[in-house]
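K.L.:
Here you go, coords-v4.txt (compact mmCIF, C-alpha atoms):
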```txt
# COMPACT_ATOMS: atom_id res chain seq x y z
CA MET A 6 106.86 -70.32 97.77
CA ALA A 7 103.31 -70.01 96.55
CA GLY A 8 103.18 -73.62 95.39
CA ILE A 9 101.07 -75.43 92.84
CA LYS A 10 97.35 -74.79 92.53
CA VAL A 11 94.85 -76.38 90.18
CA PHE A 12 91.57 -74.51 89.61
CA GLY A 13 89.08 -77.08 88.42
CA HIS A 14 86.64 -79.82 89.28
CA ALA A 15 87.66 -83.20 90.70
CA ALA A 16 85.29 -85.02 88.31
CA SER A 17 86.32 -83.16 85.14
CA ILE A 18 88.29 -85.19 82.60
CA SER A 19 90.61 -82.28 81.80
CA THR A 20 91.18 -81.45 85.46
CA ARG A 21 91.96 -85.11 86.14
CA ARG A 22 94.60 -85.13 83.39
CA VAL A 23 96.50 -82.51 85.41
CA LEU A 24 95.87 -84.15 88.79
CA LEU A 25 97.20 -87.46 87.41
CA THR A 26 100.40 -85.78 86.32
CA LEU A 27 100.91 -84.14 89.71
CA HIS A 28 100.33 -87.46 91.47
CA GLU A 29 102.72 -89.29 89.13
CA LYS A 30 105.35 -86.70 90.06
CA ASN A 31 104.56 -86.89 93.82
CA LEU A 32 104.03 -83.14 93.88
CA ASP A 33 102.10 -81.28 96.55
CA PHE A 34 99.30 -79.10 95.26
CA GLU A 35 96.00 -77.50 96.18
CA LEU A 36 92.85 -78.24 94.17
CA VAL A 37 90.69 -75.12 94.21
CA HIS A 38 87.11 -76.17 93.42
CA VAL A 39 85.38 -74.38 90.54
CA ASP A 40 81.60 -74.82 90.68
CA LEU A 41 80.69 -75.78 87.12
CA LYS A 42 76.98 -76.12 87.92
CA ASP A 43 76.96 -72.45 88.98
CA GLY A 44 78.80 -71.42 85.81
CA GLU A 45 81.74 -70.22 87.88
CA HIS A 46 84.08 -71.08 84.97
CA LYS A 47 82.28 -68.62 82.68
CA LYS A 48 82.64 -65.65 85.03
CA GLU A 49 85.32 -63.62 86.71
CA PRO A 50 87.62 -64.22 88.44
CA PHE A 51 88.00 -67.57 86.64
CA LEU A 52 87.94 -65.97 83.18
CA SER A 53 91.10 -64.05 84.07
CA ARG A 54 92.76 -67.43 84.51
CA ASN A 55 91.32 -68.91 81.31
CA PRO A 56 89.53 -66.49 78.98
CA PHE A 57 88.02 -69.49 77.16
CA GLY A 58 86.11 -70.37 80.32
CA LYS A 59 87.19 -73.99 80.71
CA VAL A 60 88.67 -75.92 83.61
CA PRO A 61 91.38 -76.47 84.59
CA ALA A 62 93.54 -73.43 85.16
CA PHE A 63 96.88 -73.78 86.95
CA GLU A 64 99.46 -71.88 88.93
CA ASP A 65 103.03 -72.78 89.84
CA GLY A 66 104.33 -69.83 91.84
CA ASP A 67 104.04 -66.87 89.46
CA LEU A 68 103.45 -68.95 86.35
CA LYS A 69 99.81 -69.13 85.30
CA LEU A 70 98.70 -71.65 82.67
CA PHE A 71 95.59 -73.25 81.18
CA GLU A 72 94.78 -76.04 78.66
CA SER A 73 95.29 -79.41 80.38
CA ARG A 74 97.76 -80.79 77.82
CA ALA A 75 99.95 -77.66 78.00
CA ILE A 76 99.92 -77.97 81.79
CA THR A 77 100.82 -81.69 81.82
CA GLN A 78 103.70 -81.07 79.41
CA TYR A 79 104.95 -78.21 81.60
CA ILE A 80 104.86 -80.44 84.69
CA ALA A 81 106.61 -83.30 82.87
CA HIS A 82 109.48 -81.02 81.84
CA ARG A 83 109.73 -78.74 84.87
CA TYR A 84 109.83 -81.71 87.27
CA GLU A 85 111.69 -84.06 84.96
CA GLY A 86 113.89 -85.48 87.70
CA GLN A 87 111.06 -86.33 90.10
CA GLY A 88 108.61 -89.17 90.44
CA THR A 89 107.57 -91.02 87.29
CA ASN A 90 109.28 -90.02 84.06
CA LEU A 91 106.45 -88.98 81.72
CA LEU A 92 108.74 -88.20 78.77
CA PRO A 93 110.51 -90.73 76.51
CA ALA A 94 113.44 -92.45 78.22
CA ASP A 95 115.86 -90.32 76.19
CA SER A 96 113.93 -87.07 76.44
CA LYS A 97 116.49 -85.05 74.45
CA ASN A 98 116.14 -87.35 71.44
CA ILE A 99 114.10 -85.24 69.06
CA ALA A 100 112.92 -88.19 66.97
CA HIS A 101 111.65 -90.12 70.04
CA TYR A 102 109.95 -86.99 71.31
CA ALA A 103 108.22 -86.61 67.95
CA ILE A 104 106.83 -90.15 68.22
CA MET A 105 105.35 -89.27 71.63
CA ALA A 106 104.04 -86.02 70.16
CA ILE A 107 102.17 -87.93 67.45
CA GLY A 108 100.45 -89.96 70.16
CA MET A 109 99.47 -86.81 72.02
CA GLN A 110 97.96 -85.33 68.84
CA VAL A 111 96.10 -88.58 68.13
CA GLU A 112 94.65 -88.60 71.66
CA ALA A 113 93.57 -84.96 71.29
CA HIS A 114 92.13 -85.16 67.76
CA GLN A 115 91.06 -88.77 67.16
CA PHE A 116 90.37 -90.33 70.57
CA ASP A 117 89.23 -87.61 72.95
CA PRO A 118 86.47 -85.96 70.87
CA VAL A 119 84.76 -89.33 70.47
CA ALA A 120 85.45 -90.65 73.98
CA SER A 121 84.28 -87.37 75.52
CA LYS A 122 81.00 -87.45 73.59
CA LEU A 123 80.40 -90.97 74.87
CA ALA A 124 81.26 -89.96 78.45
CA TRP A 125 78.86 -87.02 78.09
CA GLU A 126 76.02 -89.24 76.85
CA HIS A 127 76.52 -92.12 79.29
CA VAL A 128 77.69 -90.32 82.44
CA PHE A 129 77.58 -86.55 82.61
CA LYS A 130 74.14 -86.03 81.06
CA LEU A 131 72.68 -88.21 83.82
CA ILE A 132 74.28 -85.98 86.46
CA TYR A 133 72.42 -83.06 84.89
CA GLY A 134 69.14 -85.00 84.72
CA LEU A 135 69.27 -85.42 80.91
CA THR A 136 68.80 -88.69 79.03
CA THR A 137 71.33 -90.65 76.97
CA ASP A 138 70.80 -90.38 73.20
CA GLN A 139 71.36 -93.94 72.02
CA ALA A 140 71.67 -92.91 68.38
CA VAL A 141 74.62 -90.68 69.26
CA VAL A 142 76.11 -93.49 71.34
CA ALA A 143 75.88 -95.90 68.40
CA GLU A 144 77.46 -93.39 66.03
CA GLU A 145 80.30 -92.49 68.37
CA GLU A 146 80.97 -96.11 69.36
CA ALA A 147 81.47 -96.94 65.67
CA LYS A 148 84.10 -94.18 65.45
CA LEU A 149 85.77 -95.25 68.70
CA ALA A 150 85.94 -98.86 67.46
CA LYS A 151 87.96 -97.71 64.43
CA VAL A 152 90.35 -95.69 66.59
CA LEU A 153 90.80 -98.62 68.95
CA ASP A 154 91.54 -100.93 66.02
CA VAL A 155 94.52 -98.69 65.24
CA TYR A 156 95.52 -98.73 68.92
CA GLU A 157 95.28 -102.56 68.97
CA ALA A 158 97.74 -102.79 66.07
CA ARG A 159 100.06 -100.26 67.71
CA LEU A 160 100.00 -102.02 71.08
CA LYS A 161 100.89 -105.33 69.42
CA GLU A 162 104.27 -103.73 68.67
CA PHE A 163 104.82 -101.68 71.80
CA LYS A 164 103.81 -101.98 75.43
CA TYR A 165 102.65 -98.36 75.57
CA LEU A 166 101.51 -95.95 72.87
CA ALA A 167 104.81 -94.09 72.46
CA GLY A 168 107.10 -97.07 72.97
CA ASP A 169 108.09 -99.32 75.84
CA SER A 170 107.63 -96.85 78.66
CA PHE A 171 104.58 -95.05 80.09
CA THR A 172 104.45 -91.44 78.88
CA LEU A 173 102.15 -88.41 78.74
CA THR A 174 100.57 -89.98 75.68
CA ASP A 175 99.12 -92.83 77.71
CA LEU A 176 98.33 -90.58 80.67
CA HIS A 177 96.17 -88.20 78.63
CA HIS A 178 93.77 -91.06 77.88
CA ILE A 179 93.22 -92.26 81.42
CA PRO A 180 90.41 -90.00 82.71
CA ALA A 181 88.06 -90.60 79.77
CA VAL A 182 88.89 -94.33 79.73
CA GLN A 183 88.07 -94.59 83.44
CA TYR A 184 84.60 -93.14 82.86
CA LEU A 185 83.89 -95.34 79.85
CA LEU A 186 84.87 -98.51 81.74
CA ASN A 187 81.73 -97.97 83.82
CA THR A 188 79.46 -97.82 80.78
CA PRO A 189 78.41 -100.29 78.04
CA THR A 190 81.20 -98.77 75.91
CA LYS A 191 83.61 -100.76 78.10
CA LYS A 192 83.21 -103.67 75.69
CA LEU A 193 85.08 -101.82 72.94
CA PHE A 194 88.15 -101.86 75.18
CA THR A 195 87.80 -105.36 76.62
CA GLU A 196 87.16 -107.10 73.30
CA ARG A 197 90.57 -105.98 71.96
CA PRO A 198 93.23 -107.99 73.83
CA ARG A 199 96.17 -105.59 73.57
CA VAL A 200 94.01 -102.53 74.27
CA ASN A 201 92.48 -104.40 77.20
CA ALA A 202 95.91 -105.15 78.68
CA TRP A 203 97.02 -101.54 78.18
CA VAL A 204 93.86 -100.20 79.83
CA ALA A 205 94.37 -102.55 82.80
CA GLU A 206 97.97 -101.35 83.19
CA ILE A 207 97.30 -97.65 83.03
CA THR A 208 94.20 -97.63 85.22
CA LYS A 209 95.74 -99.61 88.07
CA ARG A 210 98.66 -97.20 88.52
CA PRO A 211 98.57 -95.66 92.02
CA ALA A 212 98.13 -92.15 90.57
CA SER A 213 95.19 -93.37 88.49
CA GLN A 214 93.57 -94.73 91.64
CA LYS A 215 94.15 -91.48 93.53
CA ILE A 216 92.11 -89.33 91.13
CA LEU A 217 89.04 -91.52 91.64
CA GLN A 218 88.79 -90.61 95.30
CA MET B 8 120.52 -88.91 52.47
CA ALA B 9 116.91 -89.76 51.80
CA GLY B 10 115.77 -86.24 52.60
CA ILE B 11 112.48 -84.76 53.64
CA LYS B 12 109.20 -85.81 52.03
CA VAL B 13 105.69 -84.60 52.72
CA PHE B 14 102.82 -86.86 51.61
CA GLY B 15 99.80 -84.61 51.26
CA HIS B 16 97.83 -82.15 49.18
CA ALA B 17 99.03 -78.65 48.39
CA ALA B 18 95.60 -77.18 49.15
CA SER B 19 95.05 -78.99 52.48
CA THR B 20 95.33 -76.74 55.56
CA ALA B 21 97.04 -79.48 57.58
CA THR B 22 99.55 -80.14 54.77
CA ARG B 23 100.17 -76.40 54.43
CA ARG B 24 101.01 -76.16 58.14
CA VAL B 25 103.95 -78.49 57.49
CA LEU B 26 104.97 -76.82 54.21
CA LEU B 27 105.04 -73.46 56.02
CA ALA B 28 107.38 -74.81 58.70
CA LEU B 29 109.70 -76.24 56.02
CA HIS B 30 109.74 -72.95 54.07
CA GLU B 31 110.38 -70.93 57.24
CA LYS B 32 113.38 -73.17 57.85
CA ASN B 33 114.59 -72.95 54.20
CA LEU B 34 114.61 -76.75 54.02
CA ASP B 35 114.56 -78.71 50.79
CA PHE B 36 111.77 -81.25 50.54
CA GLU B 37 109.61 -83.17 48.11
CA LEU B 38 105.82 -82.88 48.21
CA VAL B 39 104.34 -86.22 47.17
CA HIS B 40 100.78 -85.62 46.00
CA VAL B 41 98.02 -87.69 47.64
CA GLU B 42 94.85 -87.71 45.54
CA LEU B 43 92.16 -86.95 48.10
CA LYS B 44 89.34 -86.96 45.54
CA GLU B 45 90.14 -90.59 44.79
CA GLY B 46 90.34 -91.49 48.48
CA GLU B 47 94.04 -92.28 48.22
CA HIS B 48 94.46 -91.25 51.87
CA LYS B 49 92.03 -93.97 53.00
CA LYS B 50 93.87 -96.82 51.27
CA GLU B 51 97.25 -98.47 51.26
CA PRO B 52 100.00 -97.55 50.93
CA PHE B 53 99.05 -94.24 52.54
CA LEU B 54 97.42 -95.94 55.55
CA SER B 55 100.78 -97.45 56.46
CA ARG B 56 102.02 -93.89 56.80
CA ASN B 57 99.01 -92.68 58.77
CA PRO B 58 96.57 -95.37 59.95
CA PHE B 59 94.01 -92.62 60.65
CA GLY B 60 93.87 -91.86 56.92
CA LYS B 61 94.59 -88.13 57.03
CA VAL B 62 97.11 -85.95 55.23
CA PRO B 63 99.87 -85.07 55.76
CA ALA B 64 102.34 -87.83 56.48
CA PHE B 65 106.05 -87.04 56.62
CA GLU B 66 109.49 -88.58 56.31
CA ASP B 67 112.89 -87.26 57.31
CA GLY B 68 115.37 -89.98 56.36
CA ASP B 69 114.23 -93.02 58.35
CA LEU B 70 111.88 -91.11 60.65
CA LYS B 71 108.23 -91.37 59.69
CA LEU B 72 105.66 -89.08 61.29
CA PHE B 73 102.06 -87.89 60.92
CA GLU B 74 99.76 -85.29 62.58
CA SER B 75 100.70 -81.84 61.26
CA ARG B 76 101.34 -80.27 64.68
CA ALA B 77 103.65 -83.12 65.76
CA ILE B 78 105.53 -82.69 62.46
CA THR B 79 105.90 -78.91 62.78
CA GLN B 80 107.17 -79.27 66.34
CA TYR B 81 109.69 -81.89 65.19
CA ILE B 82 110.91 -79.56 62.41
CA ALA B 83 111.16 -76.61 64.80
CA HIS B 84 113.34 -78.59 67.20
CA ARG B 85 115.37 -80.71 64.80
CA TYR B 86 116.34 -77.69 62.69
CA GLU B 87 116.46 -75.23 65.55
CA GLY B 88 119.55 -73.47 64.30
CA GLU B 89 118.31 -72.93 60.74
CA GLY B 90 116.08 -70.37 59.11
CA THR B 91 113.38 -68.72 61.22
CA ASN B 92 113.29 -69.62 64.89
CA LEU B 93 109.81 -71.06 65.49
CA LEU B 94 110.34 -71.64 69.20
CA PRO B 95 110.40 -68.99 71.97
CA ALA B 96 113.61 -66.91 71.94
CA ASP B 97 114.85 -68.80 75.00
CA SER B 98 113.70 -72.25 73.93
CA LYS B 99 115.11 -74.02 76.98
CA ASN B 100 113.02 -71.88 79.33
CA ILE B 101 110.30 -74.27 80.41
CA SER B 102 107.88 -71.52 81.47
CA LEU B 103 108.16 -69.64 78.17
CA TYR B 104 107.72 -72.90 76.30
CA ALA B 105 104.56 -73.59 78.32
CA ILE B 106 103.11 -70.22 77.27
CA MET B 107 103.69 -71.16 73.61
CA ALA B 108 102.20 -74.60 74.29
CA ILE B 109 98.98 -72.99 75.61
CA GLY B 110 98.66 -71.09 72.34
CA MET B 111 99.15 -74.27 70.34
CA GLU B 112 96.41 -75.99 72.35
CA VAL B 113 94.09 -73.01 71.91
CA GLU B 114 94.64 -73.07 68.14
CA ALA B 115 93.96 -76.80 68.02
CA HIS B 116 90.91 -76.89 70.31
CA HIS B 117 89.24 -73.46 70.09
CA PHE B 118 90.26 -71.85 66.80
CA ASP B 119 90.77 -74.63 64.28
CA PRO B 120 87.54 -76.63 64.74
CA VAL B 121 85.47 -73.51 64.12
CA ALA B 122 87.68 -71.97 61.41
CA SER B 123 87.89 -75.30 59.57
CA LYS B 124 84.10 -75.66 59.54
CA LEU B 125 83.87 -72.17 58.03
CA ALA B 126 86.51 -73.00 55.41
CA TRP B 127 84.68 -76.24 54.61
CA GLU B 128 81.31 -74.49 54.18
CA GLN B 129 82.54 -71.53 52.16
CA VAL B 130 85.51 -72.92 50.19
CA PHE B 131 85.97 -76.68 50.05
CA LYS B 132 82.31 -77.66 49.65
CA LEU B 133 82.29 -75.60 46.44
CA PHE B 134 85.20 -77.66 45.02
CA TYR B 135 83.04 -80.72 45.51
CA GLY B 136 79.98 -79.12 43.88
CA MET B 137 78.11 -78.78 47.20
CA THR B 138 76.38 -75.64 48.58
CA THR B 139 77.27 -73.51 51.59
CA ASP B 140 74.92 -73.95 54.55
CA GLN B 141 74.41 -70.37 55.71
CA ALA B 142 72.91 -71.44 59.03
CA VAL B 143 76.12 -73.30 59.89
CA VAL B 144 78.18 -70.30 58.75
CA GLU B 145 76.25 -68.01 61.08
CA GLU B 146 76.57 -70.37 64.01
CA GLU B 147 80.29 -70.90 63.51
CA GLU B 148 80.98 -67.20 62.90
CA ALA B 149 79.44 -66.42 66.29
CA LYS B 150 81.85 -68.89 67.91
CA LEU B 151 84.81 -67.54 65.92
CA ALA B 152 83.94 -63.99 66.98
CA ALA B 153 84.12 -65.04 70.65
CA VAL B 154 87.53 -66.65 70.08
CA LEU B 155 88.84 -63.62 68.18
CA ASP B 156 87.71 -61.33 71.00
CA VAL B 157 90.11 -63.24 73.26
CA TYR B 158 92.84 -62.98 70.60
CA GLU B 159 92.23 -59.22 70.31
CA ALA B 160 92.81 -58.79 74.06
CA ARG B 161 95.93 -60.97 73.89
CA LEU B 162 97.38 -59.14 70.89
CA LYS B 163 96.91 -55.80 72.65
CA GLU B 164 99.57 -57.00 75.09
CA PHE B 165 101.88 -58.91 72.78
CA LYS B 166 102.87 -58.63 69.13
CA TYR B 167 102.37 -62.35 68.55
CA LEU B 168 100.28 -64.94 70.37
CA ALA B 169 103.10 -66.42 72.46
CA GLY B 170 104.98 -63.17 73.06
CA GLU B 171 107.13 -60.76 71.11
CA THR B 172 108.33 -63.19 68.46
CA PHE B 173 106.68 -65.28 65.74
CA THR B 174 106.38 -68.91 66.83
CA LEU B 175 104.70 -72.18 65.88
CA THR B 176 101.60 -70.91 67.66
CA ASP B 177 101.08 -68.18 65.06
CA LEU B 178 102.19 -70.43 62.19
CA HIS B 179 99.57 -73.08 62.92
CA HIS B 180 96.81 -70.54 62.24
CA ILE B 181 98.03 -69.31 58.87
CA PRO B 182 96.63 -71.84 56.37
CA VAL B 183 93.03 -71.65 57.49
CA ILE B 184 93.18 -67.85 57.92
CA GLN B 185 94.39 -67.53 54.34
CA TYR B 186 91.29 -69.38 53.14
CA LEU B 187 88.92 -67.38 55.34
CA LEU B 188 90.33 -64.09 54.06
CA GLY B 189 88.81 -65.04 50.69
CA THR B 190 85.33 -65.37 52.21
CA PRO B 191 82.82 -63.05 53.96
CA THR B 192 84.24 -64.33 57.28
CA LYS B 193 87.19 -62.01 56.55
CA LYS B 194 85.30 -59.25 58.34
CA LEU B 195 85.69 -60.96 61.71
CA PHE B 196 89.47 -60.53 61.36
CA THR B 197 89.50 -57.04 59.84
CA GLU B 198 87.07 -55.48 62.31
CA ARG B 199 89.40 -56.24 65.25
CA PRO B 200 92.42 -53.90 64.93
CA HIS B 201 95.09 -55.99 66.68
CA VAL B 202 93.90 -59.23 65.12
CA ASN B 203 93.89 -57.44 61.77
CA ASP B 204 97.51 -56.30 62.21
CA TRP B 205 98.59 -59.76 63.30
CA VAL B 206 96.87 -61.38 60.33
CA ALA B 207 98.55 -58.90 57.98
CA GLU B 208 101.95 -59.66 59.54
CA ILE B 209 101.72 -63.43 59.42
CA THR B 210 100.21 -63.68 55.94
CA THR B 211 102.78 -61.39 54.32
CA ARG B 212 105.73 -63.52 55.45
CA PRO B 213 107.62 -64.94 52.44
CA ALA B 214 106.91 -68.53 53.55
CA SER B 215 103.20 -67.73 53.79
CA GLN B 216 103.26 -66.50 50.21
CA LYS B 217 105.09 -69.62 49.01
CA ILE B 218 102.36 -72.05 50.09
CA LEU B 219 99.79 -70.21 47.97
```
Please go through the file and, once you have read it, give me the structure as structure tokens.

P.N.:
Amino acid sequence: MAGIKVFGHAASISTRRVLLTLHEKNLDFELVHVDLKDGEHKKEPFLSRNPFGKVPAFEDGDLKLFESRAITQYIAHRYEGQGTNLLPADSKNIAHYAIMAIGMQVEAHQFDPVASKLAWEHVFKLIYGLTTDQAVVAEEEAKLAKVLDVYEARLKEFKYLAGDSFTLTDLHHIPAVQYLLNTPTKKLFTERPRVNAWVAEITKRPASQKILQ
Amino acid sequence: MAGIKVFGHAASTATRRVLLALHEKNLDFELVHVELKEGEHKKEPFLSRNPFGKVPAFEDGDLKLFESRAITQYIAHRYEGEGTNLLPADSKNISLYAIMAIGMEVEAHHFDPVASKLAWEQVFKLFYGMTTDQAVVEEEEAKLAAVLDVYEARLKEFKYLAGETFTLTDLHHIPVIQYLLGTPTKKLFTERPHVNDWVAEITTRPASQKIL
């Protein structure tokens, strides 16, 4: 059996989304390093794995996938019986699944674009020798504050974003949140009590610790 | 039975995504108009339906949803036996579903941000009495061309984006494509033969005509 391979970068937010899922499921896999600084992701043979030139790409035996959130959903379904359940407790309940799906769309469209810009400004630009643009940080923090206000209200009602159990919806947030906790943006999370508790929960999970190594 | 309601705007691409899914499934529903020009979507009671203040929101009996792509997926599964099948032919096959899921992510992250900017510049800005920024159009058309080159290669191999049958992946593209076909950006679709055929197929579907 050819096994599971992830083609990506251990520091990439999207790659980490997939690694988290594999760790939550206790699955063996190989991380094949893609050298982003060399532009390896924009050339063959990587482009044959993802013609949009973005990490991660993924293989499970003969199945080849890309787009981190498609990969995590595949893993959650394919390995449903193993490790942590990342789907709603009653995964066949179409209404419950739809509630989780809303949360995944919100992460992708409302949270991640803003959180990723902040991670870029505060963290990744420095790795490339560029300087943080504080005006962009101020603008994006204002947007993130509004999103987190909605999360605060949500998490007053439920322990996790999709209900009372940890799901893909929460997991998708973890890599960007981990980066932002090491920046001044951390305050936006800590000054909201329910968000703060949720962040503490999801970042202390063993799988969440494993991806930081 | 309380039935299906869509809270949105008949011209909004996100609202149209949901209307398309409902028409494909031959489902009865009520479209409750949300007056975007008056900022109705940024106030109560709409905010209780979608705290992010965007159309559409949705109701099916007691179930309340928002985010167009979560709603279309719900409709496709909940009404799986009715009307057009919007899932892969073998919907329980996890690998085939993953292939469709890739296409839905690509539409959401690579196609829609660019296509929506082009629709905003060339169509919606004009409704609001603003002018098209041609520099933005040029920049975004270059990005769209790169995306459509990937689609062209894909559609050489398969009739539709996720395989041989029409699925949610194709459907999600339709509303914004319909707008762009009424602009100079149309050429990016027509000058790529397989993309052109695919666009013709998906826009001539009866449901696609109904939302216009």

K.L.:
For each of B:Val25, B:Leu168, B:Leu188, B:Leu155, take the minimum atom-to-atom distance to Gln129 in chain B, counting all atoms listed in the file, then give the residue where this is smallest.

P.N.:
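Of all the options, B:Leu188 lies closest to Gln129 in chain B.
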
K.L.:
Within 10 Å of Asp169 in chain A, counting all atoms listed in the file, which residues qualify if same-chain residues fewer than 4 places away don't, as a ChimeraX atom specification?

P.N.:
/A:93-94,160,162-165

K.L.:
Output C-alpha atoms for every residue in that selection, as a JSON list (two decimals), keeping the file's coordinate frame.

P.N.:
```
[["chain", "number", "residue", "atom", "x", "y", "z"],
["A", 93, "PRO", "CA", 110.51, -90.73, 76.51],
["A", 94, "ALA", "CA", 113.44, -92.45, 78.22],
["A", 160, "LEU", "CA", 100.00, -102.02, 71.08],
["A", 162, "GLU", "CA", 104.27, -103.73, 68.67],
["A", 163, "PHE", "CA", 104.82, -101.68, 71.80],
["A", 164, "LYS", "CA", 103.81, -101.98, 75.43],
["A", 165, "TYR", "CA", 102.65, -98.36, 75.57]]
```

K.L.:
Taking 6 positions as the minimum chain separation for residues in the same chain, which residues sit within 8 Å of range 101-106 of chain B when counting all atoms listed in the file? Answer as an MDAnalysis selection string.

P.N.:
(chainID A and resid 68 70 75:76 78:79 82:83) or (chainID B and resid 94:95 169)

K.L.:
Specify as a list of chain:residue names all residues of chain B found within 6 Å of chain A, counting all atoms listed in the file.

P.N.:
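Listed by rising number, the hits are B:Ala77, B:Tyr81, B:Ala105, B:Ala108, B:Ile109.
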
K.L.:
If I take CA of Leu92 in chain A and CA of Lys30 in chain A, how far is one from the other in Å, to one decimal?

P.N.:
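Separation of CA of Leu92 in chain A and CA of Lys30 in chain A: 11.9 Å.
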
K.L.:
If I take CA of Thr136 in chain A and CA of Ala142 in chain B, how far is one from the other in Å, to one decimal?

P.N.:
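So the answer is 26.7 Å.
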
K.L.:
Give the answer as one residue: which of A:Lys10, A:Arg210, A:Lys191, A:Lys59 has the shortest atom-to-atom distance to Glu45 in chain A, using all atoms listed in the file?

P.N.:
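Using all atoms listed in the file, Glu45 in chain A sits closest to A:Lys59.
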
K.L.:
I'd like the interatomic distance between CA of Gly13 in chain A and CA of Gly58 in chain A, to a tenth of an Å.

P.N.:
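CA of Gly58 in chain A lies at a distance of 10.9 Å from CA of Gly13 in chain A.
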
K.L.:
Counting all atoms listed in the file, write as a ChimeraX atom specification all protein and nucleic acid residues lying at most 8 Å from (96.6, -64.1, 61.5) in the file's frame.

P.N.:
/B:177,180-181,184,196,202-210

K.L.:
Do you know which residues are at most 12 Å from range 56-62 of chain B counting all atoms listed in the file, after dropping those on the same chain fewer than 4 positions away, and could you put them as an MDAnalysis selection string?

P.N.:
(chainID A and resid 107:108 110:112 114:116 148:149 151:159) or (chainID B and resid 12:25 38:43 46:52 66 70:76 78)

K.L.:
Using only C-alpha atoms, which of A:Ala150, A:Arg199, A:Thr89, A:Trp125 sits nearest Thr137 in chain A?

P.N.:
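Nearest to Thr137 in chain A: A:Trp125.
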
K.L.:
Go through A:Glu206, A:Glu29, A:Glu64, A:Glu196 one by one, measure the shortest atom-to-atom distance of each to Asn90 in chain A using only C-alpha atoms, and give the residue with the smallest value.

P.N.:
A:Glu29

K.L.:
Pick from A:Ile132, A:Ala147, A:Ala212, A:Leu217: nearest to Lys42 in chain A, with only C-alpha atoms counted?

P.N.:
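Of all the options, A:Ile132 lies closest to Lys42 in chain A.
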
K.L.:
Kindly indicate which residue among A:Lys209, A:Ile216, A:Ala124, A:Arg54 lies nearest to Asn187 in chain A, using all atoms listed in the file for the distances.

P.N.:
A:Ala124

K.L.:
Residues within 7 Å of His14 in chain A, please, as a PDB file with C-alpha atoms, in the frame of the given file. Count only C-alpha atoms; anything in the same chain fewer than 5 positions from it doesn't count.

P.N.:
```pdb
ATOM      1  CA  THR A  20      91.180 -81.450  85.460  1.00  0.00           C
ATOM      2  CA  HIS A  38      87.110 -76.170  93.420  1.00  0.00           C
ATOM      3  CA  VAL A  39      85.380 -74.380  90.540  1.00  0.00           C
TER       4      VAL A  39
END
```

K.L.:
List the neighbours of Leu32 in chain A out to 10 Å using all atoms listed in the file; skip same-chain residues closer than 4 positions along the sequence, and give me the result as number ranges by chain.

P.N.:
A: 8-9, 24, 26-28, 80, 84, 87-88

K.L.:
Take the residues that were just selected and, keeping C-alpha atoms, output them as a PDB file, keeping the file's coordinate frame.

P.N.:
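Saved to part_13.pdb:
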```pdb
ATOM      1  CA  GLY A   8     103.180 -73.620  95.390  1.00  0.00           C
ATOM      2  CA  ILE A   9     101.070 -75.430  92.840  1.00  0.00           C
ATOM      3  CA  LEU A  24      95.870 -84.150  88.790  1.00  0.00           C
ATOM      4  CA  THR A  26     100.400 -85.780  86.320  1.00  0.00           C
ATOM      5  CA  LEU A  27     100.910 -84.140  89.710  1.00  0.00           C
ATOM      6  CA  HIS A  28     100.330 -87.460  91.470  1.00  0.00           C
ATOM      7  CA  ILE A  80     104.860 -80.440  84.690  1.00  0.00           C
ATOM      8  CA  TYR A  84     109.830 -81.710  87.270  1.00  0.00           C
ATOM      9  CA  GLN A  87     111.060 -86.330  90.100  1.00  0.00           C
ATOM     10  CA  GLY A  88     108.610 -89.170  90.440  1.00  0.00           C
TER      11      GLY A  88
END
```

K.L.:
Take the point (105.6, -71.9, 58.9) in the file's coordinates, draw a sphere of radius 9 Å around it, and report as a PyMOL selection string every protein, DNA or RNA residue with an atom inside or on it, counting only C-alpha atoms.

P.N.:
chain B and resi 23-32+79+91+93+174-175+177-179+181+214-215
